[in-house]
Structure formats: C-alpha cells, structure tokens
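What follows is the content of final_13.pdb (PDB, C-alpha atoms and all ligand atoms).
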ATOM      1  CA  MET A   1      -4.774  10.353 -11.770
ATOM      2  CA  CYS A   2      -4.664   9.437  -8.120
ATOM      3  CA  SER A   3      -4.306   6.460  -5.819
ATOM      4  CA  PHE A   4      -7.064   5.780  -3.348
ATOM      5  CA  LEU A   5      -6.874   3.476  -0.354
ATOM      6  CA  THR A   6     -10.053   1.508   0.296
ATOM      7  CA  ILE A   7     -10.440  -0.049   3.717
ATOM      8  CA  GLY A   8     -13.181  -2.452   4.747
ATOM      9  CA  VAL A   9     -14.436  -3.817   8.061
ATOM     10  CA  PRO A  10     -17.439  -5.956   8.978
ATOM     11  CA  GLU A  11     -20.571  -3.803   8.597
ATOM     12  CA  HIS A  12     -21.262  -4.033  12.325
ATOM     13  CA  PHE A  13     -18.013  -2.104  13.009
ATOM     14  CA  ALA A  14     -18.678   0.761  10.565
ATOM     15  CA  ASN A  15     -18.304   3.284  13.397
ATOM     16  CA  SER A  16     -14.717   2.231  14.008
ATOM     17  CA  PHE A  17     -13.557   4.129  10.892
ATOM     18  CA  ALA A  18     -14.278   7.429  12.612
ATOM     19  CA  GLU A  19     -12.713   6.211  15.828
ATOM     20  CA  ILE A  20      -9.422   5.265  14.157
ATOM     21  CA  PHE A  21      -9.175   7.651  11.185
ATOM     22  CA  GLY A  22     -11.291  10.501  12.557
ATOM     23  CA  ARG A  23      -8.340  12.769  13.276
ATOM     24  CA  GLY A  24      -5.903  13.846  10.584
ATOM     25  CA  TYR A  25      -7.548  11.941   7.729
ATOM     26  CA  ALA A  26     -10.629  12.226   5.580
ATOM     27  CA  ILE A  27     -13.069   9.312   5.415
ATOM     28  CA  HIS A  28     -15.290   8.926   2.360
ATOM     29  CA  TRP A  29     -18.069   6.398   2.003
ATOM     30  CA  MET A  30     -17.345   4.443  -1.160
ATOM     31  CA  GLU A  31     -18.603   1.202  -2.629
ATOM     32  CA  ASN A  32     -16.906  -0.213  -5.694
ATOM     33  CA  ALA A  33     -18.490  -3.501  -6.796
ATOM     34  CA  SER A  34     -15.119  -5.124  -7.617
ATOM     35  CA  ILE A  35     -13.757  -4.251  -4.189
ATOM     36  CA  LEU A  36     -16.864  -5.423  -2.339
ATOM     37  CA  THR A  37     -16.645  -8.733  -4.220
ATOM     38  CA  ALA A  38     -12.956  -9.174  -3.388
ATOM     39  CA  PHE A  39     -13.409  -8.244   0.268
ATOM     40  CA  PRO A  40     -15.003 -10.670   2.740
ATOM     41  CA  HIS A  41     -18.796 -10.906   2.614
ATOM     42  CA  GLY A  42     -20.647  -8.372   4.752
ATOM     43  CA  TYR A  43     -17.914  -5.740   4.759
ATOM     44  CA  THR A  44     -18.562  -2.030   4.456
ATOM     45  CA  THR A  45     -15.891   0.079   2.774
ATOM     46  CA  ARG A  46     -14.478   3.593   3.036
ATOM     47  CA  ILE A  47     -11.783   5.503   1.202
ATOM     48  CA  ILE A  48      -9.213   7.123   3.468
ATOM     49  CA  THR A  49      -7.440  10.203   2.132
ATOM     50  CA  ASP A  50      -5.280  13.095   3.287
ATOM     51  CA  GLY A  51      -8.188  15.329   2.292
ATOM     52  CA  HIS A  52      -7.423  15.038  -1.391
ATOM     53  CA  CYS A  53      -6.298  11.515  -2.309
ATOM     54  CA  SER A  54      -4.273   8.595  -0.926
ATOM     55  CA  CYS A  55      -1.138   9.119  -3.050
ATOM     56  CA  SER A  56       0.890  10.260  -0.047
ATOM     57  CA  PHE A  57       0.006   7.044   1.828
ATOM     58  CA  TYR A  58       1.622   4.660  -0.614
ATOM     59  CA  ARG A  59       4.855   3.983  -2.466
ATOM     60  CA  ASP A  60       4.800   1.104  -4.898
ATOM     61  CA  PRO A  61       7.464  -1.414  -3.719
ATOM     62  CA  LYS A  62       7.852  -2.590  -7.316
ATOM     63  CA  ALA A  63       8.908   0.875  -8.466
ATOM     64  CA  ARG A  64      11.909   0.593  -6.196
ATOM     65  CA  THR A  65      12.732  -2.920  -7.401
ATOM     66  CA  ASP A  66      12.709  -1.677 -10.968
ATOM     67  CA  GLU A  67      14.974   1.191  -9.992
ATOM     68  CA  VAL A  68      17.421  -1.098  -8.192
ATOM     69  CA  ASP A  69      17.402  -3.521 -11.146
ATOM     70  CA  ARG A  70      18.199  -0.664 -13.465
ATOM     71  CA  LEU A  71      21.122   0.455 -11.333
ATOM     72  CA  LEU A  72      22.436  -3.104 -11.107
ATOM     73  CA  ARG A  73      22.393  -3.281 -14.888
ATOM     74  CA  PHE A  74      24.458  -0.073 -15.043
ATOM     75  CA  GLN A  75      26.792  -1.494 -12.412
ATOM     76  CA  ASN A  76      27.367  -4.652 -14.494
ATOM     77  CA  LYS A  77      27.771  -2.651 -17.650
ATOM     78  CA  TYR A  78      30.490  -0.470 -16.131
ATOM     79  CA  ALA A  79      32.163  -3.427 -14.456
ATOM     80  CA  LYS A  80      32.499  -5.033 -17.897
ATOM     81  CA  LEU A  81      34.173  -1.859 -19.102
ATOM     82  CA  ARG A  82      36.705  -2.490 -16.295
ATOM     83  CA  TRP A  83      35.990   0.786 -14.628
ATOM     84  CA  SER A  84      37.196   1.176 -11.063
ATOM     85  CA  GLN A  85      34.538   0.884  -8.351
ATOM     86  CA  ALA A  86      35.022   4.566  -7.517
ATOM     87  CA  LYS A  87      34.382   5.508 -11.120
ATOM     88  CA  ILE A  88      31.313   3.225 -11.255
ATOM     89  CA  ASP A  89      30.008   4.777  -8.024
ATOM     90  CA  ARG A  90      30.443   8.263  -9.451
ATOM     91  CA  ALA A  91      28.690   7.274 -12.679
ATOM     92  CA  ILE A  92      25.791   5.733 -10.784
ATOM     93  CA  ALA A  93      25.508   8.732  -8.468
ATOM     94  CA  HIS A  94      25.387  10.898 -11.568
ATOM     95  CA  ILE A  95      22.650   8.732 -13.118
ATOM     96  CA  GLU A  96      20.687   8.724  -9.870
ATOM     97  CA  ALA A  97      20.861  12.487  -9.636
ATOM     98  CA  ALA A  98      19.707  12.789 -13.215
ATOM     99  CA  HIS A  99      16.822  10.357 -12.889
ATOM    100  CA  GLN A 100      15.823  10.860  -9.339
ATOM    101  CA  ARG A 101      12.974  13.241  -8.897
ATOM    102  CA  GLY A 102      11.636  12.863  -5.407
ATOM    103  CA  ASP A 103      13.168  10.270  -3.137
ATOM    104  CA  ARG A 104      12.427   6.921  -4.723
ATOM    105  CA  ILE A 105      15.910   5.451  -4.314
ATOM    106  CA  ASN A 106      16.511   6.571  -0.765
ATOM    107  CA  SER A 107      12.957   6.169   0.413
ATOM    108  CA  ALA A 108      12.914   5.043   4.019
ATOM    109  CA  TRP A 109       9.594   3.328   3.525
ATOM    110  CA  LEU A 110       7.700   1.396   0.880
ATOM    111  CA  GLY A 111       4.166   0.127   0.591
ATOM    112  CA  LEU A 112       1.762   1.793   2.996
ATOM    113  CA  ARG A 113       3.003   4.678   5.145
ATOM    114  CA  ALA A 114       3.737   3.818   8.790
ATOM    115  CA  ASP A 115       0.958   5.897  10.356
ATOM    116  CA  ILE A 116      -1.579   4.310   8.013
ATOM    117  CA  VAL A 117      -0.382   0.782   8.845
ATOM    118  CA  GLU A 118      -0.459   1.621  12.543
ATOM    119  CA  ARG A 119      -4.100   2.701  12.287
ATOM    120  CA  LEU A 120      -4.960  -0.245  10.069
ATOM    121  CA  SER A 121      -3.586  -2.545  12.791
ATOM    122  CA  GLU A 122      -5.632  -0.728  15.445
ATOM    123  CA  LEU A 123      -8.710  -0.991  13.256
ATOM    124  CA  CYS A 124      -8.028  -4.714  12.798
ATOM    125  CA  ARG A 125      -7.921  -5.262  16.556
ATOM    126  CA  LEU A 126     -10.989  -3.093  17.133
ATOM    127  CA  ALA A 127     -13.152  -4.590  14.375
ATOM    128  CA  GLY A 128     -11.703  -8.115  14.599
ATOM    129  CA  SER A 129     -10.685  -8.063  10.949
ATOM    130  CA  VAL A 130      -9.845  -5.612   8.214
ATOM    131  CA  ALA A 131      -9.262  -5.575   4.456
ATOM    132  CA  ALA A 132      -7.483  -2.960   2.378
ATOM    133  CA  VAL A 133      -6.561  -2.322  -1.226
ATOM    134  CA  ILE A 134      -4.839   0.525  -3.052
ATOM    135  CA  HIS A 135      -5.576   1.404  -6.655
ATOM    136  CA  MET A 136      -4.494   4.134  -9.054
ATOM    137  CA  TYR A 137      -7.788   5.254 -10.573
ATOM    138  CA  HIS A 138      -8.267   6.314 -14.153
ATOM    139  CA  GLY A 139     -12.049   6.362 -14.036
ATOM    140  CA  GLU A 140     -14.913   6.926 -11.671
ATOM    141  CA  ILE A 141     -13.905   5.438  -8.359
ATOM    142  CA  GLU A 142     -17.245   3.806  -7.693
ATOM    143  CA  LYS A 143     -17.835   2.468 -11.190
ATOM    144  CA  VAL A 144     -14.506   1.394 -12.643
ATOM    145  CA  PRO A 145     -14.112  -2.417 -12.660
ATOM    146  CA  LEU A 146     -10.916  -3.588 -10.970
ATOM    147  CA  THR A 147      -8.968  -6.816 -11.284
ATOM    148  CA  LEU A 148      -7.966  -7.524  -7.727
ATOM    149  CA  LYS A 149      -5.741 -10.239  -6.343
ATOM    150  CA  ARG A 150      -6.516 -11.918  -3.029
ATOM    151  CA  THR A 151      -3.557 -12.728  -0.787
ATOM    152  CA  PRO A 152      -3.373 -15.164   2.160
ATOM    153  CA  ILE A 153      -5.106 -13.910   5.311
ATOM    154  CA  CYS A 154      -2.687 -12.640   7.945
ATOM    155  CA  ASP A 155      -2.892 -11.674  11.601
ATOM    156  CA  CYS A 156      -3.354  -8.013  12.635
ATOM    157  CA  GLY A 157       0.220  -8.114  13.954
ATOM    158  CA  GLU A 158       1.582  -9.095  10.554
ATOM    159  CA  LEU A 159       0.113  -6.049   8.816
ATOM    160  CA  VAL A 160       3.314  -4.021   9.178
ATOM    161  CA  ALA A 161       5.356  -6.587   7.245
ATOM    162  CA  ARG A 162       2.633  -7.252   4.688
ATOM    163  CA  ALA A 163       1.849  -3.579   4.061
ATOM    164  CA  ALA A 164       5.511  -2.878   3.265
ATOM    165  CA  VAL A 165       5.383  -5.155   0.220
ATOM    166  CA  LEU A 166       1.785  -4.479  -0.754
ATOM    167  CA  ALA A 167       1.315  -4.224  -4.495
ATOM    168  CA  GLU A 168      -1.375  -2.186  -6.173
ATOM    169  CA  ASP A 169      -4.633  -4.178  -6.524
ATOM    170  CA  GLU A 170      -3.529  -6.749  -3.966
ATOM    171  CA  VAL A 171      -6.136  -7.322  -1.267
ATOM    172  CA  LEU A 172      -4.665  -7.195   2.213
ATOM    173  CA  HIS A 173      -6.838  -9.151   4.635
ATOM    174  CA  ALA A 174      -6.015  -9.465   8.319
ATOM    175  CA  VAL A 175      -7.876 -10.953  11.252
ATOM    176  CA  SER A 176      -7.385 -10.665  14.982
ATOM    177  CA  ARG A 177      -6.050 -13.877  16.518
ATOM    178  CA  LYS A 178      -8.372 -13.378  19.428
ATOM    179  CA  LEU A 179     -11.204 -14.338  17.112
ATOM    180  CA  ASP A 180      -9.512 -17.580  16.114
ATOM    181  CA  SER A 181      -9.982 -18.984  19.588
ATOM    182  CA  HIS A 182     -13.725 -18.785  19.037
ATOM    183  CA  CYS A 183     -13.575 -20.651  15.746
TER     184      CYS A 183
HETATM  185 ZN    ZN B 201      -3.154  11.954  -5.676
END
Using structure tokens, write down the structure from this file.
Amino acid sequence: MCSFLTIGVPEHFANSFAEIFGRGYAIHWMENASILTAFPHGYTTRIITDGHCSCSFYRDPKARTDEVDRLLRFQNKYAKLRWSQAKIDRAIAHIEAAHQRGDRINSAWLGLRADIVERLSELCRLAGSVAAVIHMYHGEIEKVPLTLKRTPICDCGELVARAAVLAEDEVLHAVSRKLDSHC
C-alpha cells in the first residue's frame, strides 16, 4: 500500500500545478469525494507523485515519537537496573541497530520533504491559497472514504513549520497574506 499526497488549489488556478510541479514530479488528476469535502469549496485537486507514489515525500512524525518513546522506556528500564550511562548507551545503540531498518531514528526531516514544502509554498503564493493532505491508501484512491481532520488555516510562510508535524489525514490549509488585505 502506498501514500499519496493530494494537493488542491482554487479551480481558477488549476494551471499552476504544472507550473510548480511540472519538472521532476508526476501530476495526476484525482478527485476523492472525502478530500473535496474537506478542502475549501471550489478547489480542484491533483495527486503529486515521484512517478510511482508519494511515499518518498513523507515521513510520519508520529512514527518518530513512538520510536523515541520506546527508547526512553528502555533508558528508564536500564537506569533502574543501575547500569552505567555508557552501558545504557551501548544497549540502546544495540537495540537501535537491531530495530532500525532505514533511517527513522536519525532522519533529518519529518513530515513533508523539503522540496515538496518549498513547492507547496510557491503554489500557495501563486494560487493565493493551497490545501494538502497525505493518506496511506488501502483501496481505490478515488473511491475510498477518508476521515480527514481540518486544522487551523495558516499563512503560506508557515507551511514549512506546519508540514514538518503534519499527520496523516490532517488537512493542511494555507492562504497568502496578500489576500487578507482584500478581505
Ligand atoms: Zn509507495
């Protein structure tokens, strides 16, 4: 099963997908009813992939939290056994090596990958607003019903911080401040 990143912009700015994600990414027209309902009214949506899926664009921040929690539990357990810190460190390094497949613990980034966030921010400024959601699909992308969670609207400039803690099924919605002055 794969993760797919759905991005939406106001219908009028549909061409901006190609402008921002036209090089180095694949853009697929996709309308999932749950996503259209969760996104602002009048948005058109696309799935952005690396040509196959969006798995490489996203690392679940919660996965890391769980991993850190697990290590802290080991740390406490060994501390209670009155092990020396050096011995605890060696034990934890051993556990990490055993459990770690890939780079979850030492990952330099979490949430959406930097180049994706950069383009999302550009898209936000170009289209005036943008919405995005990531979901790990177990059914037909267009048909599967999703339970999505709306989050407070942020500014295009805040996307970097927000994307780093983005959870699966959480709707990221950003607007350009320039538009606010017209409100
Ligand atoms: Zn995948």
Handout entry: Selection result for the PyMOL selection byres (((not hetatm)) within 9 of (chain B and resi 201)) on this file, as number ranges by chain
Key = A: 1-4, 52-56, 136
Handout entry: Atomic separation - atom CA of A:Glu168 relative to atom CA of A:Leu123, Å
Key = 20.8 Å
Practice task
I would like the residues chosen by the PyMOL selection byres (((chain A and resi 171) around 7) and not hetatm) on the shown file; could you give them as a list in words?
Solution key: Ala131, Ala132, Val133, Leu148, Lys149, Arg150, Thr151, Asp169, Glu170, Leu172 and His173 of chain A
Practice task
Determine the residue membership of the PyMOL selection byres (((chain A and resi 49) around 12) and not hetatm) for the file above and supply it as a PyMOL selection string.
Solution key: chain A and resi 2-7+21-30+46-48+50-58+116+134
Exercise for the section: Provide the atom CA of A:Leu159 to atom CA of A:Ala174 distance in Å, to one decimal place. Expected result: 7.0 Å
Practice task
Would you list the residues near (-4.5, -15.8, 7.3) (no more than 8 Å away, in the coordinates of the file, using all atoms listed in the file) as a ChimeraX atom specification?
Solution key: /A:152-155,173-175
Exercise for the section: Compile the contact shell of A:Ile88 as a ChimeraX atom specification: residues with an atom at most 12 Å away, counting all atoms listed in the file, same-chain residues fewer than 3 positions apart removed. Expected result: /A:71-85,91-95
Handout entry: Which of A:Arg70, A:Arg119, A:His12, A:Arg162 sits closest to A:Tyr43 [using all atoms listed in the file]
Key =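 Comparing A:Arg70, A:Arg119, A:His12, A:Arg162 against A:Tyr43, the winner is A:His12.
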Practice task
Do a neighbour search on stretch 111-114 of chain A at 8 Å with all atoms listed in the file, toss out local chain neighbours closer than 6 positions, and write the hits as a list in words.
Solution key: Ser56, Phe57, Tyr58, Arg59, Asp60, Pro61, Val160, Ala163, Ala164, Val165, Leu166 and Ala167 of chain A
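Ranking A:Asn32, A:Ala97, A:Ala161, A:Ser121 by their shortest atom-to-atom distance to A:Tyr137, with all atoms listed in the file included, puts A:Asn32 first.
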Handout entry: For atom CA of A:Glu11 and atom CA of A:Gly42, the interatomic separation in Å (one decimal)
Key =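 Taking atom CA of A:Glu11 and atom CA of A:Gly42, their separation equals 6.0 Å.
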Exercise for the section: Might you pull out every residue within 6 Å of A:Cys124, with only C-alpha atoms counted and same-chain residues fewer than 5 positions away left off, and present them as number ranges by chain? Expected result: A: 129-130, 156
Handout entry: Counting only C-alpha atoms, the option among A:Pro145, A:Lys62, A:Arg177, A:Leu36 closest to A:Leu126
Key = A:Arg177
Exercise for the section: May I ask which of the residues A:Ala38, A:Ala127, A:Val9, A:Ala63 is the closest one to A:Leu110, counting all atoms listed in the file? Expected result: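 Closest to A:Leu110, using all atoms listed in the file: A:Ala63.
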Problem - Top pick for closest residue to A:Thr147, considering A:His135, A:Ala18, A:Gly8, A:Glu118 and counting only C-alpha atoms - result: A:His135
Problem - Closest of A:Ile20, A:Gly139, A:Thr44, A:Ser34 to A:Asp115 - atom-to-atom distances counting all atoms listed in the file - result: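 Among the listed residues, A:Ile20 lies closest to A:Asp115.
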Just add N, CA and C atoms to stretch 13-31 of chain A and send it as a short mmCIF file (atom, residue, chain, number, x, y, z; two decimals), keeping the file's coordinate frame.
data_model
loop_
_atom_site.label_atom_id
_atom_site.label_comp_id
_atom_site.auth_asym_id
_atom_site.auth_seq_id
_atom_site.Cartn_x
_atom_site.Cartn_y
_atom_site.Cartn_z
N PHE A 13 -19.05 -2.97 12.42
CA PHE A 13 -18.01 -2.10 13.01
C PHE A 13 -17.80 -0.82 12.20
N ALA A 14 -18.79 -0.43 11.43
CA ALA A 14 -18.68 0.76 10.56
C ALA A 14 -18.24 2.00 11.34
N ASN A 15 -18.67 2.10 12.59
CA ASN A 15 -18.30 3.28 13.40
C ASN A 15 -16.82 3.37 13.72
N SER A 16 -16.13 2.24 13.63
CA SER A 16 -14.72 2.23 14.01
C SER A 16 -13.85 3.04 13.04
N PHE A 17 -14.33 3.29 11.83
CA PHE A 17 -13.56 4.13 10.89
C PHE A 17 -13.31 5.50 11.51
N ALA A 18 -14.38 6.09 12.03
CA ALA A 18 -14.28 7.43 12.61
C ALA A 18 -13.39 7.40 13.85
N GLU A 19 -13.49 6.33 14.60
CA GLU A 19 -12.71 6.21 15.83
C GLU A 19 -11.21 6.17 15.53
N ILE A 20 -10.85 5.45 14.47
CA ILE A 20 -9.42 5.26 14.16
C ILE A 20 -8.89 6.35 13.21
N PHE A 21 -9.66 6.70 12.20
CA PHE A 21 -9.18 7.65 11.18
C PHE A 21 -9.85 9.03 11.30
N GLY A 22 -10.54 9.25 12.40
CA GLY A 22 -11.29 10.50 12.56
C GLY A 22 -10.43 11.75 12.65
N ARG A 23 -9.22 11.60 13.14
CA ARG A 23 -8.34 12.77 13.28
C ARG A 23 -7.19 12.69 12.27
N GLY A 24 -7.05 13.76 11.50
CA GLY A 24 -5.90 13.85 10.58
C GLY A 24 -6.12 13.22 9.22
N TYR A 25 -7.27 12.58 9.02
CA TYR A 25 -7.55 11.94 7.73
C TYR A 25 -8.98 12.27 7.32
N ALA A 26 -9.25 12.07 6.05
CA ALA A 26 -10.63 12.23 5.58
C ALA A 26 -11.18 10.84 5.25
N ILE A 27 -12.42 10.61 5.65
CA ILE A 27 -13.07 9.31 5.42
C ILE A 27 -14.22 9.54 4.43
N HIS A 28 -14.22 8.78 3.35
CA HIS A 28 -15.29 8.93 2.36
C HIS A 28 -16.00 7.59 2.19
N TRP A 29 -17.31 7.62 2.26
CA TRP A 29 -18.07 6.40 2.00
C TRP A 29 -17.91 6.05 0.54
N MET A 30 -17.56 4.82 0.23
CA MET A 30 -17.34 4.44 -1.16
C MET A 30 -17.58 2.95 -1.34
N GLU A 31 -18.41 2.61 -2.33
CA GLU A 31 -18.60 1.20 -2.63
C GLU A 31 -18.31 0.96 -4.09
#
